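Next comes data-v9.txt, with compact mmCIF, C-alpha atoms.
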# COMPACT_ATOMS: atom_id res chain seq x y z
CA MET A 861 309.24 5.03 54.50
CA VAL A 862 306.01 3.08 54.21
CA GLU A 863 304.18 5.98 55.78
CA THR A 864 305.59 8.41 53.24
CA VAL A 865 304.54 6.26 50.29
CA LEU A 866 301.09 5.79 51.81
CA PHE A 867 300.79 9.51 52.41
CA TYR A 868 301.62 10.34 48.81
CA VAL A 869 299.21 7.73 47.48
CA LEU A 870 296.45 9.14 49.69
CA ALA A 871 297.32 12.67 48.64
CA ALA A 872 297.13 11.69 44.97
CA ILE A 873 293.73 10.04 45.51
CA LEU A 874 292.53 13.10 47.41
CA ILE A 875 293.55 15.63 44.78
CA PHE A 876 292.49 13.56 41.76
CA PHE A 877 289.04 12.74 43.04
CA SER A 878 288.37 16.18 44.46
CA LEU A 879 289.10 17.61 41.02
CA LYS A 880 286.68 14.99 39.70
CA VAL A 881 284.03 16.19 42.15
CA VAL A 882 284.18 19.75 40.91
CA THR A 883 284.49 19.02 37.18
CA THR A 884 282.24 16.03 36.44
CA LYS A 885 278.88 16.95 34.97
CA ASN A 886 277.06 13.79 35.94
CA LEU A 887 275.79 14.27 39.49
CA PHE A 888 276.08 10.59 40.42
CA HIS A 889 279.70 10.42 39.28
CA SER A 890 280.38 13.57 41.24
CA VAL A 891 278.96 12.09 44.43
CA MET A 892 280.89 8.84 43.96
CA ALA A 893 284.10 10.85 43.53
CA ALA A 894 283.18 12.67 46.73
CA PHE A 895 282.93 9.27 48.40
CA ALA A 896 286.57 8.60 47.50
CA VAL A 897 287.58 12.06 48.65
CA LEU A 898 285.91 11.54 52.01
CA MET A 899 287.51 8.09 52.47
CA ALA A 900 291.07 9.29 51.90
CA PRO A 901 291.27 11.58 54.97
CA ALA A 902 290.51 8.50 57.09
CA GLY A 903 293.80 6.97 55.89
CA ILE A 904 295.62 10.19 56.69
CA PHE A 905 294.06 10.18 60.17
CA PHE A 906 295.32 6.63 60.72
CA LEU A 907 298.80 7.74 59.66
CA PHE A 908 298.76 10.57 62.16
CA ASN A 909 297.74 8.51 65.16
CA ALA A 910 294.08 9.48 65.08
CA SER A 911 292.54 6.04 64.71
CA PHE A 912 289.24 6.96 66.36
CA LEU A 913 288.82 9.92 64.03
CA GLY A 914 289.65 7.72 61.05
CA VAL A 915 286.95 5.21 61.94
CA THR A 916 284.50 8.04 62.60
CA GLN A 917 285.33 9.57 59.24
CA ILE A 918 284.56 6.27 57.48
CA LEU A 919 281.34 5.72 59.42
CA VAL A 920 279.97 9.24 59.24
CA TYR A 921 281.18 10.56 55.90
CA ALA A 922 281.74 7.53 53.71
CA GLY A 923 278.83 5.65 55.19
CA ALA A 924 276.09 8.04 56.18
CA VAL A 925 276.80 11.22 54.27
CA THR A 926 277.41 9.66 50.86
CA ILE A 927 274.28 7.53 51.06
CA LEU A 928 272.22 10.53 52.19
CA VAL A 929 273.55 12.69 49.37
CA LEU A 930 272.96 9.93 46.81
CA PHE A 931 269.36 9.66 47.98
CA VAL A 932 268.89 13.41 47.73
CA VAL A 933 270.37 13.42 44.21
CA MET A 934 267.86 10.76 43.24
CA LEU A 935 264.98 12.58 44.94
CA THR A 936 265.76 15.95 43.39
CA THR A 937 266.32 14.82 39.80
CA ALA A 938 263.53 13.58 37.61
CA GLY A 939 264.36 11.00 34.96
CA ASP A 940 267.66 11.63 33.23
CA ALA A 941 268.16 15.03 34.82
CA TYR A 942 271.15 13.82 36.83
CA LYS A 943 273.13 13.86 33.60
CA VAL A 944 272.77 17.60 33.84
CA THR A 945 273.71 19.75 30.94
CA TRP A 946 273.42 23.00 32.85
CA GLU A 947 276.69 22.46 34.69
CA LYS A 948 279.31 24.43 32.83
CA PRO A 949 282.86 23.12 32.40
CA PRO A 950 285.45 25.12 34.35
CA THR A 951 286.48 28.29 32.60
CA VAL A 952 290.04 29.54 32.21
CA TRP A 953 289.47 32.46 34.54
CA SER A 954 288.04 30.40 37.35
CA SER A 955 290.95 27.96 37.05
CA ILE A 956 293.39 30.87 37.26
CA VAL A 957 291.65 32.15 40.39
CA LEU A 958 291.80 28.65 41.90
CA ILE A 959 295.53 28.35 41.21
CA LEU A 960 296.17 31.85 42.56
CA PHE A 961 294.23 31.09 45.74
CA PHE A 962 296.12 27.85 46.23
CA GLY A 963 299.39 29.62 45.49
CA VAL A 964 298.75 32.26 48.16
CA LEU A 965 297.78 29.58 50.70
CA GLY A 966 300.81 27.44 49.88
CA PHE A 967 303.20 30.39 49.90
CA THR A 968 301.91 31.49 53.30
CA ILE A 969 302.23 27.97 54.71
CA LEU A 970 305.75 27.51 53.40
CA SER A 971 306.96 30.92 54.53
CA ILE A 972 305.96 30.42 58.18
CA GLU A 973 308.40 28.84 60.60
CA TRP A 974 306.18 26.32 62.37
CA SER A 975 307.46 25.30 65.78
CA VAL A 976 307.35 21.57 65.21
CA THR A 977 308.32 19.05 67.83
CA ASP A 978 309.25 15.66 66.48
CA PRO A 979 306.44 13.25 67.24
CA ALA A 980 307.18 10.07 69.11
CA PRO A 981 307.81 7.04 66.89
CA LEU A 982 304.59 5.35 65.95
CA ASP A 983 305.15 2.15 67.93
CA LYS A 984 305.69 4.15 71.14
CA ILE A 985 302.43 6.09 70.94
CA ARG A 986 299.58 4.89 73.10
CA PRO A 987 296.20 4.32 71.53
CA VAL A 988 294.24 7.53 71.55
CA THR A 989 290.65 6.38 71.95
CA GLU A 990 290.82 6.08 75.73
CA GLY A 991 292.42 9.51 76.02
CA LEU A 992 289.80 11.01 73.73
CA ALA A 993 287.01 9.53 75.84
CA ASN A 994 288.59 10.89 79.02
CA ARG A 995 288.94 14.30 77.42
CA LEU A 996 285.39 14.35 76.03
CA PHE A 997 283.77 13.47 79.35
CA THR A 998 285.85 15.78 81.54
CA ASP A 999 287.25 18.94 79.95
CA TYR A 1000 284.87 19.05 77.01
CA LEU A 1001 281.72 17.79 78.70
CA LEU A 1002 279.71 20.97 78.07
CA PRO A 1003 280.47 21.12 74.31
CA PHE A 1004 279.70 17.40 74.16
CA GLU A 1005 276.24 17.92 75.65
CA VAL A 1006 275.63 20.97 73.46
CA ALA A 1007 276.56 18.84 70.44
CA SER A 1008 273.96 16.25 71.45
CA VAL A 1009 271.32 18.99 71.70
CA LEU A 1010 272.44 20.22 68.28
CA ILE A 1011 272.01 16.75 66.80
CA LEU A 1012 268.54 16.47 68.33
CA ALA A 1013 267.56 19.88 66.94
CA THR A 1014 268.89 18.87 63.52
CA LEU A 1015 266.93 15.62 63.62
CA VAL A 1016 263.67 17.41 64.40
CA GLY A 1017 264.42 20.24 61.98
CA ALA A 1018 265.26 17.94 59.07
CA ILE A 1019 262.06 15.95 59.58
CA VAL A 1020 259.95 19.10 59.83
CA LEU A 1021 261.56 20.60 56.72
CA ALA A 1022 261.36 17.52 54.53
CA ARG A 1023 257.92 16.16 55.43
CA LYS A 1024 254.92 16.59 53.22
CA ASP A 1025 252.24 18.85 54.63
CA MET B 397 308.22 9.53 60.17
CA ASP B 398 309.48 11.39 57.12
CA ILE B 399 306.36 13.42 56.41
CA THR B 400 306.77 17.02 57.45
CA LEU B 401 304.06 19.33 58.69
CA ASN B 402 304.39 21.51 55.58
CA GLN B 403 303.48 18.65 53.26
CA VAL B 404 300.27 17.95 55.15
CA LEU B 405 299.36 21.62 55.30
CA VAL B 406 299.89 22.09 51.56
CA LEU B 407 297.77 19.02 50.84
CA ALA B 408 294.98 20.35 53.04
CA ALA B 409 295.29 23.76 51.39
CA ALA B 410 294.89 22.14 47.97
CA LEU B 411 291.81 20.25 49.15
CA PHE B 412 290.37 23.43 50.66
CA ALA B 413 291.02 25.43 47.47
CA ILE B 414 289.37 22.79 45.28
CA GLY B 415 286.41 22.59 47.66
CA LEU B 416 285.99 26.36 47.59
CA TYR B 417 286.23 26.32 43.80
CA GLY B 418 283.51 23.69 43.61
CA ALA B 419 281.28 25.51 46.08
CA LEU B 420 281.55 28.67 44.00
CA THR B 421 281.22 27.20 40.51
CA ARG B 422 278.87 24.20 40.71
CA LYS B 423 275.19 24.76 40.13
CA SER B 424 273.50 21.85 41.85
CA ILE B 425 272.97 22.74 45.50
CA VAL B 426 273.71 19.13 46.48
CA ILE B 427 277.21 19.26 45.01
CA VAL B 428 277.77 22.70 46.54
CA VAL B 429 277.09 21.25 50.00
CA MET B 430 279.33 18.29 49.20
CA CYS B 431 282.14 20.71 48.33
CA VAL B 432 281.63 22.43 51.68
CA GLU B 433 282.17 19.00 53.24
CA LEU B 434 285.47 18.75 51.34
CA MET B 435 286.52 22.02 52.97
CA PHE B 436 285.56 20.64 56.38
CA SER B 437 287.72 17.60 55.67
CA ALA B 438 290.66 19.81 54.81
CA VAL B 439 290.29 21.61 58.12
CA ASN B 440 290.11 18.28 59.96
CA ILE B 441 293.32 17.10 58.30
CA ASN B 442 294.98 20.33 59.43
CA LEU B 443 293.79 19.90 63.02
CA VAL B 444 294.98 16.29 63.21
CA ALA B 445 298.36 17.19 61.74
CA PHE B 446 298.81 20.08 64.16
CA SER B 447 297.92 17.94 67.12
CA PHE B 448 300.33 15.25 65.90
CA TYR B 449 303.25 17.62 65.52
CA SER B 450 302.58 19.93 68.46
CA GLY B 451 304.08 17.57 71.03
CA LEU B 452 302.30 19.27 73.90
CA ASP B 453 298.89 17.71 73.96
CA ALA B 454 298.33 15.24 71.17
CA LEU B 455 294.58 15.02 71.72
CA ARG B 456 293.32 18.58 71.79
CA GLY B 457 293.22 18.95 68.02
CA GLN B 458 291.46 15.62 67.65
CA VAL B 459 288.71 16.67 70.06
CA PHE B 460 288.16 19.78 67.96
CA ALA B 461 288.05 17.63 64.83
CA ILE B 462 285.34 15.46 66.39
CA PHE B 463 283.19 18.50 67.11
CA ILE B 464 283.75 19.79 63.57
CA MET B 465 282.56 16.42 62.24
CA VAL B 466 279.41 16.62 64.38
CA VAL B 467 278.58 20.13 63.23
CA SER B 468 279.31 19.43 59.55
CA ALA B 469 277.19 16.28 59.58
CA CYS B 470 274.29 18.25 61.13
CA GLU B 471 274.73 21.00 58.57
CA LEU B 472 274.72 18.53 55.71
CA GLY B 473 271.57 16.82 56.97
CA LEU B 474 269.71 20.11 57.20
CA CYS B 475 270.95 21.22 53.78
CA MET B 476 269.71 17.99 52.24
CA ALA B 477 266.28 18.57 53.81
CA ILE B 478 266.30 22.10 52.42
CA ALA B 479 267.27 20.76 48.97
CA ILE B 480 264.33 18.34 49.01
CA MET B 481 261.97 21.14 50.04
CA LEU B 482 263.36 23.43 47.34
CA TYR B 483 262.80 20.76 44.72
CA ARG B 484 259.27 20.21 45.93
CA ASN B 485 258.35 23.89 45.91
CA ARG B 486 260.35 25.29 43.01
CA GLU B 487 261.22 22.14 41.01
CA THR B 488 264.87 22.99 40.70
CA VAL B 489 268.02 22.65 42.78
CA ALA B 490 270.18 24.81 40.50
CA VAL B 491 271.48 27.67 42.60
CA ASP B 492 271.41 30.19 39.75
CA GLU B 493 267.67 29.70 39.29
CA LEU B 494 266.97 30.37 42.97
CA ASP B 495 267.23 34.13 42.57
CA VAL B 496 264.13 35.42 44.34
CA MET B 497 266.25 37.53 46.70
CA LYS B 498 268.11 39.18 43.85
CA TRP B 499 267.34 42.79 42.87
What does the file become when written as structure tokens?
Amino acid sequence: MVETVLFYVLAAILIFFSLKVVTTKNLFHSVMAAFAVLMAPAGIFFLFNASFLGVTQILVYAGAVTILVLFVVMLTTAGDAYKVTWEKPPTVWSSIVLILFFGVLGFTILSIEWSVTDPAPLDKIRPVTEGLANRLFTDYLLPFEVASVLILATLVGAIVLARKD
Amino acid sequence: MDITLNQVLVLAAALFAIGLYGALTRKSIVIVVMCVELMFSAVNINLVAFSFYSGLDALRGQVFAIFIMVVSACELGLCMAIAIMLYRNRETVAVDELDVMKW
């Protein structure tokens, strides 16, 4: 019961603020709405027994990504330009296309018979972090190492791209 | 737990649709990349929900979600560097003014 209420609250936050992200003209307000949108999935992850992912979501997205994007907004707008006037409000046609797209997705989801097994009750589930660590360092060791190389390449690439010559 | 898989999937579909809408309609390249992150989040929610309800192996989906987070964070960092370089060279980050490759 508590989980259901929490889920609907999180879903409302998610939808409201993601609509804010795509409709607000002011870039700062848009990024702050995106902060809320990126926090809410963490709550959903906690609900679905993915505590490690939830913490990672808060650290990476809400912490690092939002700050980085805020800095870039400040660096790429001179003066009052963040209150941009060149962003157009959503048109009727684009809203119709959005609703149609969502309708097709939702119809497809609801018309499929998913083979769902009832999950174990939440107090019976073991914590997942240990299992994730075991999995990452055995079965998924190669992707893990490739991901570290990717991060290193991104680090070097971002510095090379953004530095002044 | 009373939440069904369908509810989570519809929520993620809504988030994905709104993210796609933003990525297609916004003009600032920074917000476009942010909307792509929203779509990544929708996919992560889907993966976690599937791994929760699959019953077989509750962790496989979460491992995939971790790798998606890594890749999307890398992508966002690079895009921010590109945005800074665009602003330095062309003094705009509006995607409709970056039309040098257009006929």
Return as JSON lines the residues of region 894-988 of chain A lying at most 10 Å from region 451-470 of chain B, together with the closest atom-to-atom pair for each and the distance in Å to one decimal, counting only C-alpha atoms, with rows in chain order and ascending residue number.
{"residue": "A:Phe905", "atom": "CA", "partner": "B:Gln458", "partner_atom": "CA", "distance": 9.6}
{"residue": "A:Asn909", "atom": "CA", "partner": "B:Ala454", "partner_atom": "CA", "distance": 9.0}
{"residue": "A:Ala910", "atom": "CA", "partner": "B:Gln458", "partner_atom": "CA", "distance": 7.2}
{"residue": "A:Phe912", "atom": "CA", "partner": "B:Gln458", "partner_atom": "CA", "distance": 9.0}
{"residue": "A:Leu913", "atom": "CA", "partner": "B:Ile462", "partner_atom": "CA", "distance": 7.0}
{"residue": "A:Thr916", "atom": "CA", "partner": "B:Ile462", "partner_atom": "CA", "distance": 8.4}
{"residue": "A:Gln917", "atom": "CA", "partner": "B:Met465", "partner_atom": "CA", "distance": 8.0}
{"residue": "A:Val920", "atom": "CA", "partner": "B:Ala469", "partner_atom": "CA", "distance": 7.6}
{"residue": "A:Tyr921", "atom": "CA", "partner": "B:Ala469", "partner_atom": "CA", "distance": 7.9}
{"residue": "A:Ala924", "atom": "CA", "partner": "B:Ala469", "partner_atom": "CA", "distance": 9.0}
{"residue": "A:Val925", "atom": "CA", "partner": "B:Ala469", "partner_atom": "CA", "distance": 7.3}
{"residue": "A:Ser975", "atom": "CA", "partner": "B:Gly451", "partner_atom": "CA", "distance": 9.9}
{"residue": "A:Val976", "atom": "CA", "partner": "B:Gly451", "partner_atom": "CA", "distance": 7.8}
{"residue": "A:Thr977", "atom": "CA", "partner": "B:Gly451", "partner_atom": "CA", "distance": 5.5}
{"residue": "A:Asp978", "atom": "CA", "partner": "B:Gly451", "partner_atom": "CA", "distance": 7.1}
{"residue": "A:Pro979", "atom": "CA", "partner": "B:Gly451", "partner_atom": "CA", "distance": 6.2}
{"residue": "A:Ala980", "atom": "CA", "partner": "B:Gly451", "partner_atom": "CA", "distance": 8.3}
{"residue": "A:Val988", "atom": "CA", "partner": "B:Leu455", "partner_atom": "CA", "distance": 7.5}
Contacts of chain A with chain B up to 6 Å, shortest pair per row, all atoms listed in the file, as a Markdown table:
| residue | atom | partner | partner_atom | distance |
| --- | --- | --- | --- | --- |
| A:Thr864 | CA | B:Ile399 | CA | 6.0 |
| A:Val882 | CA | B:Gly418 | CA | 4.8 |
| A:Thr936 | CA | B:Tyr483 | CA | 5.8 |
| A:Phe962 | CA | B:Ala413 | CA | 5.8 |
| A:Gly966 | CA | B:Val406 | CA | 5.7 |
| A:Val976 | CA | B:Tyr449 | CA | 5.7 |
| A:Thr977 | CA | B:Gly451 | CA | 5.5 |
| A:Pro979 | CA | B:Tyr449 | CA | 5.7 |
| A:Thr1014 | CA | B:Cys470 | CA | 5.9 |
| A:Ala1018 | CA | B:Leu474 | CA | 5.3 |
| A:Leu1021 | CA | B:Ala477 | CA | 5.9 |
| A:Ala1022 | CA | B:Ala477 | CA | 5.1 |
Produce the centre coordinates and the three edge lengths, each in Å to one decimal, of the box along x, y and z that contains all listed atoms of region 463-480 of chain B with 6 Å added on each side, as AutoDock Vina command-line options.
--center_x 274.0 --center_y 19.2 --center_z 58.0 --size_x 31.4 --size_y 17.8 --size_z 30.1
**Request:** Just give me the gap between CA of Phe867 (chain A) and CA of Ala902 (chain A) in Å, one decimal is fine.
**Result:**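 CA of Phe867 (chain A) sits 11.3 Å away from CA of Ala902 (chain A).
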**Asked** Separation of CA of Met899 (chain A) and CA of Thr989 (chain A), in Å?
**Response**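 CA of Thr989 (chain A) lies 19.8 Å from CA of Met899 (chain A).
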**Item:** Pairwise distance for CA of Leu928 (chain A) and CA of Phe895 (chain A), rounded to one decimal in Å
**Value:**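 Here the two named atoms are 11.4 Å from each other.
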**Message:** Applying 9 Å and all atoms listed in the file, which residues near Leu930 (chain A) remain after dropping the ones on its own chain fewer than 4 positions away? List them as a PyMOL selection string.
**Reply:** chain A and resi 887-888+891-892+925-926+934-935
